[in-house]
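S.K.: What follows is target_28.cif, mmCIF, C-alpha atoms.
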data_work
#
loop_
_atom_site.label_atom_id
_atom_site.label_comp_id
_atom_site.auth_asym_id
_atom_site.auth_seq_id
_atom_site.Cartn_x
_atom_site.Cartn_y
_atom_site.Cartn_z
CA MET A 267 138.41 94.18 60.96
CA GLN A 268 140.74 93.74 63.90
CA ILE A 269 140.82 90.42 65.71
CA LEU A 270 143.13 88.85 68.24
CA LEU A 271 144.88 85.93 66.50
CA ASN A 272 146.85 83.69 68.82
CA GLY A 273 147.11 86.51 71.32
CA LYS A 274 148.23 89.20 68.82
CA ARG A 275 146.28 91.94 67.08
CA PHE A 276 145.60 90.96 63.48
CA ALA A 277 143.77 92.71 60.62
CA THR A 278 141.63 90.50 58.40
CA ASP A 279 138.80 90.69 55.87
CA ALA A 280 137.79 87.09 56.53
CA LYS A 281 134.12 86.79 57.38
CA THR A 282 134.29 83.30 58.82
CA LEU A 283 136.82 81.23 60.73
CA ASP A 284 137.18 78.96 57.72
CA GLU A 285 138.06 81.91 55.49
CA LEU A 286 140.65 83.08 58.00
CA CYS A 287 142.29 79.65 58.10
CA GLU A 288 142.41 79.55 54.29
CA ASP A 289 143.83 83.07 54.08
CA LEU A 290 146.59 82.03 56.46
CA GLY A 291 147.47 79.03 54.31
CA PHE A 292 146.14 76.45 56.73
CA ALA A 293 143.85 74.66 54.27
CA GLY A 294 144.59 70.97 54.73
CA ALA A 295 146.99 71.63 57.62
CA LYS A 296 146.82 69.76 60.90
CA ILE A 297 145.29 72.45 63.10
CA ALA A 298 142.51 72.93 65.62
CA THR A 299 140.66 76.11 66.44
CA ALA A 300 138.86 78.01 69.15
CA VAL A 301 136.99 81.31 69.15
CA ASN A 302 136.48 83.37 72.28
CA GLY A 303 137.69 80.51 74.47
CA SER A 304 135.45 77.82 73.01
CA PHE A 305 136.49 74.99 70.71
CA VAL A 306 135.26 75.20 67.12
CA ALA A 307 135.31 71.90 65.23
CA ALA A 308 136.73 71.86 61.71
CA ALA A 309 133.29 71.14 60.28
CA ASP A 310 131.86 74.23 62.00
CA ARG A 311 134.47 76.75 60.83
CA LYS A 312 132.40 77.75 57.79
CA LEU A 313 129.46 78.43 60.08
CA THR A 314 131.48 80.50 62.53
CA PRO A 315 131.39 84.24 61.74
CA LEU A 316 134.21 86.46 62.92
CA ALA A 317 133.30 89.62 64.76
CA GLU A 318 135.40 92.67 65.55
CA GLN A 319 137.79 91.85 68.44
CA ALA A 320 137.11 88.10 68.18
CA GLU A 321 139.75 86.07 69.96
CA VAL A 322 140.89 83.29 67.65
CA GLU A 323 143.23 80.46 68.57
CA ILE A 324 144.81 78.25 65.91
CA VAL A 325 146.89 75.44 67.31
CA ALA A 326 148.90 72.50 66.00
CA PRO A 327 150.71 69.47 67.44
CA ARG A 328 153.77 70.22 69.50
CA GLN A 329 156.23 68.47 71.80
CA GLY A 330 154.82 67.81 75.27
CA GLY A 331 155.55 66.10 78.54
CA MET B 291 150.64 43.89 80.44
CA LEU B 292 149.62 47.45 81.17
CA THR B 293 145.94 48.17 80.51
CA LEU B 294 144.70 51.74 80.16
CA TYR B 295 141.10 52.31 79.11
CA GLY B 296 140.90 48.85 77.59
CA GLN B 297 144.11 49.16 75.56
CA THR B 298 147.01 46.88 76.46
CA PHE B 299 150.70 47.68 76.29
CA ALA B 300 153.84 45.64 76.88
CA SER B 301 155.83 48.70 77.96
CA ARG B 302 155.10 50.43 81.26
CA LEU B 303 157.04 53.55 80.32
CA LEU B 304 155.21 56.56 78.89
CA LEU B 305 157.63 59.07 77.43
CA GLY B 306 157.35 62.80 76.85
CA THR B 307 158.48 64.33 73.57
CA ALA B 308 159.72 67.76 74.72
CA GLN B 309 163.16 69.25 75.34
CA TYR B 310 165.29 66.82 73.31
CA PRO B 311 168.43 68.20 71.66
CA SER B 312 167.07 67.35 68.19
CA PRO B 313 164.13 65.62 66.50
CA GLU B 314 166.44 62.73 65.56
CA CYS B 315 167.45 62.33 69.20
CA LEU B 316 163.80 62.28 70.23
CA LYS B 317 163.08 59.57 67.68
CA ARG B 318 166.00 57.41 68.80
CA ALA B 319 165.18 57.90 72.49
CA VAL B 320 161.59 56.80 71.97
CA GLN B 321 162.79 53.73 70.10
CA ALA B 322 165.37 52.92 72.79
CA SER B 323 162.77 53.31 75.54
CA GLY B 324 160.39 50.80 74.01
CA ALA B 325 157.57 53.19 74.93
CA GLU B 326 154.29 52.55 73.17
CA ILE B 327 152.73 55.82 74.31
CA VAL B 328 154.22 59.30 73.95
CA THR B 329 152.83 62.53 75.32
CA VAL B 330 152.29 65.51 73.04
CA SER B 331 150.78 68.96 73.38
CA LEU B 332 149.23 71.60 71.18
CA ARG B 333 150.47 75.12 70.80
CA ARG B 334 149.71 78.20 68.74
CA GLU B 335 150.68 77.65 65.11
CA SER B 336 152.37 80.38 63.12
CA ALA B 337 151.29 80.64 59.49
CA ARG B 338 154.92 81.35 58.59
CA ALA B 339 156.84 78.80 60.68
CA ARG B 340 154.26 75.98 60.65
CA THR B 341 156.32 74.24 63.33
CA GLY B 342 153.58 71.82 64.29
CA GLN B 343 153.26 70.28 60.86
CA GLY B 344 156.87 69.06 60.88
CA PHE B 345 156.57 67.76 64.43
CA TRP B 346 153.47 65.81 63.55
CA ALA B 347 155.26 64.19 60.61
CA LEU B 348 157.92 62.96 63.03
CA ILE B 349 155.36 61.54 65.46
CA GLU B 350 153.60 59.75 62.64
CA GLN B 351 156.90 58.10 61.72
CA LEU B 352 157.11 56.66 65.22
CA GLY B 353 153.80 54.93 64.64
CA ILE B 354 152.84 54.78 68.32
CA ARG B 355 149.92 56.00 70.38
CA VAL B 356 149.86 59.64 71.46
CA LEU B 357 148.56 60.99 74.74
CA PRO B 358 147.85 64.72 74.33
CA ASN B 359 148.10 66.94 77.36
CA THR B 360 146.52 70.19 78.49
CA ALA B 361 149.80 71.56 79.84
CA GLY B 362 149.74 75.23 80.75
CA CYS B 363 146.01 75.42 81.43
CA HIS B 364 145.17 77.21 84.66
CA THR B 365 141.39 76.84 84.66
CA ALA B 366 138.92 74.04 83.99
CA LYS B 367 137.49 76.09 81.11
CA GLU B 368 140.87 76.38 79.38
CA ALA B 369 141.59 72.69 79.95
CA ILE B 370 138.21 71.62 78.54
CA ALA B 371 138.62 73.74 75.39
CA THR B 372 142.20 72.50 74.96
CA ALA B 373 141.10 68.88 75.40
CA LYS B 374 138.46 69.31 72.72
CA MET B 375 141.01 70.79 70.32
CA ALA B 376 143.38 67.90 71.14
CA ARG B 377 140.70 65.28 70.49
CA GLU B 378 140.10 66.62 67.01
CA LEU B 379 143.77 67.23 66.27
CA PHE B 380 145.10 63.88 67.41
CA GLY B 381 142.03 61.73 66.81
CA THR B 382 141.98 60.22 70.29
CA PRO B 383 139.60 60.44 73.24
CA TRP B 384 142.58 60.15 75.58
CA ILE B 385 143.61 63.30 77.40
CA LYS B 386 146.33 63.84 79.98
CA LEU B 387 144.41 66.39 81.96
CA GLU B 388 146.48 69.10 83.61
CA VAL B 389 145.00 72.07 85.43
CA ILE B 390 147.87 73.97 87.00
CA ALA B 391 147.48 75.78 90.32
CA ASN B 392 150.85 77.40 90.76
CA ASP B 393 153.60 78.36 88.34
CA ASP B 394 156.44 77.73 90.79
CA THR B 395 155.48 74.19 91.74
CA LEU B 396 153.30 73.34 88.73
CA GLN B 397 151.13 71.48 91.21
CA PRO B 398 147.67 70.46 90.04
CA ASP B 399 144.66 72.60 90.94
CA LEU B 400 142.68 69.66 92.32
CA PHE B 401 139.38 71.55 92.35
CA GLY B 402 139.71 72.63 88.73
CA LEU B 403 140.97 69.16 87.84
CA VAL B 404 137.88 67.42 89.23
CA GLU B 405 135.61 69.98 87.55
CA ALA B 406 137.29 69.52 84.15
CA ALA B 407 137.52 65.71 84.48
CA SER B 408 133.83 65.49 85.28
CA GLU B 409 132.83 67.56 82.26
CA LEU B 410 135.22 65.79 79.88
CA ALA B 411 134.16 62.30 81.02
CA LYS B 412 130.54 63.26 80.30
CA GLU B 413 131.60 64.26 76.80
CA GLY B 414 133.18 60.90 76.10
CA PHE B 415 136.81 61.64 76.90
CA GLU B 416 139.02 59.03 78.53
CA VAL B 417 140.72 61.16 81.10
CA LEU B 418 144.17 60.51 82.58
CA PRO B 419 144.41 63.20 85.25
CA TYR B 420 147.72 64.61 86.45
CA THR B 421 147.03 64.74 90.17
CA THR B 422 148.72 64.46 93.55
CA GLU B 423 148.65 61.59 96.04
CA ASP B 424 145.66 63.24 97.77
CA LEU B 425 143.07 60.54 98.49
CA SER B 426 140.00 62.76 98.48
CA ALA B 427 140.91 64.18 95.08
CA ALA B 428 141.56 60.66 93.79
CA GLU B 429 138.14 59.51 95.02
CA ARG B 430 136.43 62.43 93.31
CA LEU B 431 138.33 61.86 90.10
CA VAL B 432 137.30 58.21 90.04
CA ALA B 433 133.70 59.21 90.84
CA ALA B 434 133.90 61.71 87.96
CA GLY B 435 134.70 58.86 85.58
CA CYS B 436 138.50 58.66 85.53
CA ARG B 437 139.62 55.05 85.11
CA VAL B 438 143.31 55.92 85.43
CA LEU B 439 145.04 58.20 87.96
CA MET B 440 148.40 59.85 87.45
CA PRO B 441 149.83 61.16 90.73
CA TRP B 442 153.02 63.17 90.72
CA ALA B 443 156.19 61.90 92.37
CA ALA B 444 157.49 65.46 92.75
CA PRO B 445 157.03 68.78 90.93
CA ILE B 446 157.38 68.59 87.14
CA GLY B 447 160.99 68.71 86.00
CA SER B 448 162.35 68.70 89.57
CA ALA B 449 164.01 65.26 89.34
CA ARG B 450 163.47 64.75 93.06
CA GLY B 451 161.88 61.31 92.93
CA LEU B 452 159.14 60.02 95.22
CA ILE B 453 158.95 62.77 97.84
CA ASN B 454 155.88 61.39 99.63
CA LYS B 455 156.31 57.65 99.60
CA ASP B 456 153.82 57.10 102.41
CA GLY B 457 151.15 59.01 100.51
CA LEU B 458 151.85 57.11 97.32
CA LYS B 459 151.73 53.77 99.18
CA THR B 460 148.39 54.72 100.68
CA LEU B 461 147.02 55.73 97.29
CA ARG B 462 148.12 52.40 95.85
CA ALA B 463 146.48 50.54 98.71
CA TYR B 464 143.21 52.48 98.38
CA PHE B 465 142.91 51.96 94.65
CA PRO B 466 144.08 48.39 94.03
CA ASP B 467 142.08 48.07 90.81
CA THR B 468 142.70 51.48 89.24
CA PRO B 469 145.76 51.80 87.00
CA LEU B 470 148.10 54.26 88.70
CA VAL B 471 150.79 55.99 86.67
CA ILE B 472 153.52 58.02 88.34
CA ASP B 473 153.66 61.27 86.40
CA ALA B 474 156.30 63.95 86.94
CA GLY B 475 159.28 64.52 89.20
CA VAL B 476 161.16 61.34 88.37
CA GLY B 477 164.86 62.07 87.91
CA ALA B 478 166.66 58.74 87.96
CA PRO B 479 165.95 55.19 86.87
CA SER B 480 166.11 54.19 90.56
CA HIS B 481 163.12 56.47 91.25
CA ALA B 482 161.14 54.74 88.53
CA ALA B 483 162.17 51.30 89.78
CA GLU B 484 161.07 52.23 93.29
CA ALA B 485 157.64 53.32 92.05
CA MET B 486 157.25 50.07 90.19
CA GLU B 487 158.36 48.04 93.22
CA MET B 488 155.56 49.79 95.15
CA GLY B 489 153.08 48.37 92.69
CA TYR B 490 152.52 51.35 90.46
CA ASP B 491 151.41 50.33 87.01
CA ALA B 492 153.57 52.63 84.91
CA VAL B 493 155.77 55.71 84.91
CA LEU B 494 155.43 58.79 82.72
CA LEU B 495 158.52 60.96 82.38
CA ASN B 496 160.17 63.40 80.04
CA THR B 497 162.87 65.71 81.42
CA ALA B 498 164.99 62.96 83.00
CA VAL B 499 165.51 61.44 79.58
CA ALA B 500 165.44 64.51 77.33
CA LYS B 501 167.94 66.50 79.43
CA ALA B 502 170.27 63.59 80.20
CA GLY B 503 173.82 63.70 78.84
CA ASP B 504 172.86 60.89 76.48
CA PRO B 505 169.06 60.79 76.14
CA VAL B 506 169.05 57.60 74.08
CA LYS B 507 171.09 55.69 76.65
CA MET B 508 169.01 57.12 79.50
CA ALA B 509 165.80 56.06 77.76
CA GLU B 510 167.09 52.51 77.74
CA ALA B 511 168.18 52.80 81.39
CA PHE B 512 164.65 53.83 82.38
CA ALA B 513 163.14 51.02 80.34
CA ARG B 514 165.28 48.47 82.16
CA ALA B 515 164.64 50.01 85.58
CA ILE B 516 160.89 49.99 85.06
CA GLU B 517 160.99 46.40 83.89
CA ALA B 518 163.15 45.40 86.89
CA GLY B 519 160.88 47.24 89.32
CA ARG B 520 157.80 45.53 87.92
CA LEU B 521 159.44 42.12 88.07
CA ALA B 522 160.39 42.77 91.68
CA PHE B 523 156.83 43.75 92.55
CA GLU B 524 155.47 40.63 90.91
CA ALA B 525 158.10 38.50 92.67
CA GLY B 526 157.13 39.91 96.09
CA LEU B 527 159.64 41.95 98.06
CA ILE B 528 160.68 40.94 101.56
CA GLU B 529 159.78 43.19 104.46
CA PRO B 530 162.56 45.38 105.88
CA ARG B 531 163.53 44.74 109.52
CA ASP B 532 165.40 46.69 112.17
CA MET B 533 167.98 44.09 113.19
CA ALA B 534 170.31 41.81 111.27
CA SER B 535 169.26 38.33 110.32
CA PRO B 536 172.03 36.00 109.11
CA SER B 537 171.58 34.67 105.62
CA THR B 538 174.16 31.92 106.02
CA PRO B 539 172.93 28.95 108.12
CA VAL B 540 173.99 29.29 111.77
CA ALA B 541 173.83 25.57 112.48
CA GLY B 542 177.19 23.91 111.97
CA THR B 543 179.26 27.09 112.17
CA PRO B 544 182.93 26.03 112.79
CA PHE B 545 184.47 27.00 116.14
CA PHE B 546 181.03 27.83 117.52
CA LYS B 547 180.76 26.95 121.21
CA LEU B 548 177.36 26.69 122.80
CA ASP B 549 178.67 27.24 126.35
CA THR B 550 181.91 29.20 126.53
CA ALA B 551 181.82 29.38 130.37
CA SER B 552 182.65 25.66 130.95
#
Translate this file's structure into structure tokens.

M.R.:
Amino acid sequence: MQILLNGKRFATDAKTLDELCEDLGFAGAKIATAVNGSFVAAADRKLTPLAEQAEVEIVAPRQGG
Amino acid sequence: MLTLYGQTFASRLLLGTAQYPSPECLKRAVQASGAEIVTVSLRRESARARTGQGFWALIEQLGIRVLPNTAGCHTAKEAIATAKMARELFGTPWIKLEVIANDDTLQPDLFGLVEAASELAKEGFEVLPYTTEDLSAAERLVAAGCRVLMPWAAPIGSARGLINKDGLKTLRAYFPDTPLVIDAGVGAPSHAAEAMEMGYDAVLLNTAVAKAGDPVKMAEAFARAIEAGRLAFEAGLIEPRDMASPSTPVAGTPFFKLDTAS
């Protein structure tokens, strides 16, 4: 399945957002997520299926002004 | 003491964490500034680089409050989603709400800002909106639930100081009970001192410290300027006047003759 991960095309077999995060090595990491422009809370990642062409954002803390 | 959403702070300087020459320099600058609040952002995390994890470890070492921003958002929808991610990521209801209208000036989109602030306040966020000195926008932001306003001094990173002093004075006068934080455009400690002398509650800045020749020394310079400006405001400044007024007593001046014609 092809998705858009952080703005780039990405091939994955993950069926849920939680699976995707685990596959990427983010288990336990300080991240937040959104799918198709809407925030998905950590507790809801297991309940969030990924569809073809889903737009996934995975973000982390960064310097800011 | 500075009070923002019920939290009190001794320091009236809020410092950004971006653009420093090194993480160590950032840490030392924050310590030198005495800031008790630092701004942070969230950005896409690479599974390989994991940049954010190291940054977060540094911020945790500082042990001070973070104010996440929605920098780079151009619509209310983007800002709302970013704010929700920030709330979970940083564990705070505080959000420095930015909705940007124009990439050249980085000026706030006041319509999108009010829309996003209204929605976020309903969802329990404590919104600190990056706005302009525009009174109607300020009124709508307060009506939307914002209990702090953060007008710009000048465009972000421009270092131009208070470019609309009259507008900022008016805003201060219209909102005597709302904490007002100057956010963006401050380039020199004198700019920050001037804002504080005008009765602003605090100053938020980043570039002026991070890009200074010696960021640690500049952080301290800003801390002192902000403290001096606040003291001056509390002391009560004299009014400027057009003509001279001697400070030394006139009475008893030697060689003074009341009537030189006789």

S.K.: Here's a test: counting all atoms listed in the file, identify every protein, DNA and RNA residue with an atom at most 8 Å from (140.3, 54.8, 84.5) in the file's coordinate frame, and state them as a PyMOL selection string.

M.R.: chain B and resi 294-295+416-418+432+435-439+468-469

S.K.: Could you name the residues that touch Ala280 in chain A at 10 Å or less, counting all atoms listed in the file, but leaving out those on the same chain fewer than 2 positions away, as a PyMOL selection string?

M.R.: chain A and resi 267+277-278+282-289+315-317

S.K.: What are the residues of chain B lining chain A at 10 Å or less? Count all atoms listed in the file, and put the answer as an MDAnalysis selection string.

M.R.: chainID B and resid 304:310 313 316 328:338 340:347 349 357:361 367:368 370:380 386 446:447 473:474 494:497

S.K.: For the residues selected in the previous step, produce a file with C-alpha atoms as a PDB file, in the frame of the given file.

M.R.:
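Writing the result to selection-v1.pdb gives the following:
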ATOM      1  CA  LEU B 304     155.210  56.560  78.890  1.00  0.00           C
ATOM      2  CA  LEU B 305     157.630  59.070  77.430  1.00  0.00           C
ATOM      3  CA  GLY B 306     157.350  62.800  76.850  1.00  0.00           C
ATOM      4  CA  THR B 307     158.480  64.330  73.570  1.00  0.00           C
ATOM      5  CA  ALA B 308     159.720  67.760  74.720  1.00  0.00           C
ATOM      6  CA  GLN B 309     163.160  69.250  75.340  1.00  0.00           C
ATOM      7  CA  TYR B 310     165.290  66.820  73.310  1.00  0.00           C
ATOM      8  CA  PRO B 313     164.130  65.620  66.500  1.00  0.00           C
ATOM      9  CA  LEU B 316     163.800  62.280  70.230  1.00  0.00           C
ATOM     10  CA  VAL B 328     154.220  59.300  73.950  1.00  0.00           C
ATOM     11  CA  THR B 329     152.830  62.530  75.320  1.00  0.00           C
ATOM     12  CA  VAL B 330     152.290  65.510  73.040  1.00  0.00           C
ATOM     13  CA  SER B 331     150.780  68.960  73.380  1.00  0.00           C
ATOM     14  CA  LEU B 332     149.230  71.600  71.180  1.00  0.00           C
ATOM     15  CA  ARG B 333     150.470  75.120  70.800  1.00  0.00           C
ATOM     16  CA  ARG B 334     149.710  78.200  68.740  1.00  0.00           C
ATOM     17  CA  GLU B 335     150.680  77.650  65.110  1.00  0.00           C
ATOM     18  CA  SER B 336     152.370  80.380  63.120  1.00  0.00           C
ATOM     19  CA  ALA B 337     151.290  80.640  59.490  1.00  0.00           C
ATOM     20  CA  ARG B 338     154.920  81.350  58.590  1.00  0.00           C
ATOM     21  CA  ARG B 340     154.260  75.980  60.650  1.00  0.00           C
ATOM     22  CA  THR B 341     156.320  74.240  63.330  1.00  0.00           C
ATOM     23  CA  GLY B 342     153.580  71.820  64.290  1.00  0.00           C
ATOM     24  CA  GLN B 343     153.260  70.280  60.860  1.00  0.00           C
ATOM     25  CA  GLY B 344     156.870  69.060  60.880  1.00  0.00           C
ATOM     26  CA  PHE B 345     156.570  67.760  64.430  1.00  0.00           C
ATOM     27  CA  TRP B 346     153.470  65.810  63.550  1.00  0.00           C
ATOM     28  CA  ALA B 347     155.260  64.190  60.610  1.00  0.00           C
ATOM     29  CA  ILE B 349     155.360  61.540  65.460  1.00  0.00           C
ATOM     30  CA  LEU B 357     148.560  60.990  74.740  1.00  0.00           C
ATOM     31  CA  PRO B 358     147.850  64.720  74.330  1.00  0.00           C
ATOM     32  CA  ASN B 359     148.100  66.940  77.360  1.00  0.00           C
ATOM     33  CA  THR B 360     146.520  70.190  78.490  1.00  0.00           C
ATOM     34  CA  ALA B 361     149.800  71.560  79.840  1.00  0.00           C
ATOM     35  CA  LYS B 367     137.490  76.090  81.110  1.00  0.00           C
ATOM     36  CA  GLU B 368     140.870  76.380  79.380  1.00  0.00           C
ATOM     37  CA  ILE B 370     138.210  71.620  78.540  1.00  0.00           C
ATOM     38  CA  ALA B 371     138.620  73.740  75.390  1.00  0.00           C
ATOM     39  CA  THR B 372     142.200  72.500  74.960  1.00  0.00           C
ATOM     40  CA  ALA B 373     141.100  68.880  75.400  1.00  0.00           C
ATOM     41  CA  LYS B 374     138.460  69.310  72.720  1.00  0.00           C
ATOM     42  CA  MET B 375     141.010  70.790  70.320  1.00  0.00           C
ATOM     43  CA  ALA B 376     143.380  67.900  71.140  1.00  0.00           C
ATOM     44  CA  ARG B 377     140.700  65.280  70.490  1.00  0.00           C
ATOM     45  CA  GLU B 378     140.100  66.620  67.010  1.00  0.00           C
ATOM     46  CA  LEU B 379     143.770  67.230  66.270  1.00  0.00           C
ATOM     47  CA  PHE B 380     145.100  63.880  67.410  1.00  0.00           C
ATOM     48  CA  LYS B 386     146.330  63.840  79.980  1.00  0.00           C
ATOM     49  CA  ILE B 446     157.380  68.590  87.140  1.00  0.00           C
ATOM     50  CA  GLY B 447     160.990  68.710  86.000  1.00  0.00           C
ATOM     51  CA  ASP B 473     153.660  61.270  86.400  1.00  0.00           C
ATOM     52  CA  ALA B 474     156.300  63.950  86.940  1.00  0.00           C
ATOM     53  CA  LEU B 494     155.430  58.790  82.720  1.00  0.00           C
ATOM     54  CA  LEU B 495     158.520  60.960  82.380  1.00  0.00           C
ATOM     55  CA  ASN B 496     160.170  63.400  80.040  1.00  0.00           C
ATOM     56  CA  THR B 497     162.870  65.710  81.420  1.00  0.00           C
TER      57      THR B 497
END

S.K.: Calculate how many Å separate CA of Met486 in chain B from CA of Phe523 in chain B, rounding to one decimal.

M.R.: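 CA of Met486 in chain B sits 6.8 Å away from CA of Phe523 in chain B.
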
S.K.: Do you know which residues the PyMOL selection byres ((chain B and resi 478) around 8) returns on this file, as a PyMOL selection string?

M.R.: chain B and resi 449+451+476-477+479-482+498+512

S.K.: Set up a box along x, y and z of the file covering all listed atoms of range 293-303 of chain A, add 5 Å on every one of the six sides, and write the centre and edge lengths in Å to one decimal, as AutoDock Vina command-line options.

M.R.:
--center_x 141.7 --center_y 76.6 --center_z 64.4 --size_x 20.5 --size_y 23.6 --size_z 30.2

S.K.: When the PyMOL selection byres ((chain B and resi 493) around 6) is applied to the structure above, which residues does it catch, written out as a list in words?

M.R.: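 On this input, the PyMOL selection byres ((chain B and resi 493) around 6) captures Leu303, Val471, Ile472, Ala492 and Leu494 of chain B.
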
S.K.: Taking all atoms listed in the file into account, name the residue in A:Gln268, A:Thr314, A:Ala320, A:Arg275 that is nearest to Asn302 in chain A.

M.R.: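 Ranking A:Gln268, A:Thr314, A:Ala320, A:Arg275 by distance to Asn302 in chain A, first place goes to A:Ala320.
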
S.K.: Mind pulling up the distance from CA of Arg355 in chain B to CA of Glu510 in chain B?

M.R.: 19.0 Å

S.K.: Which distance in Å separates CA of Glu388 in chain B and CA of Leu425 in chain B, to one decimal?

M.R.: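 About the pair CA of Glu388 in chain B and CA of Leu425 in chain B: they are 17.5 Å apart.
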
S.K.: Let me make sure I understand: among B:Leu521, B:Ala428, B:Asp456, B:Ala406, which one has the smallest atom-to-atom distance to Asp491 in chain B if we use only C-alpha atoms?

M.R.: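 Among the listed residues, B:Leu521 lies closest to Asp491 in chain B.
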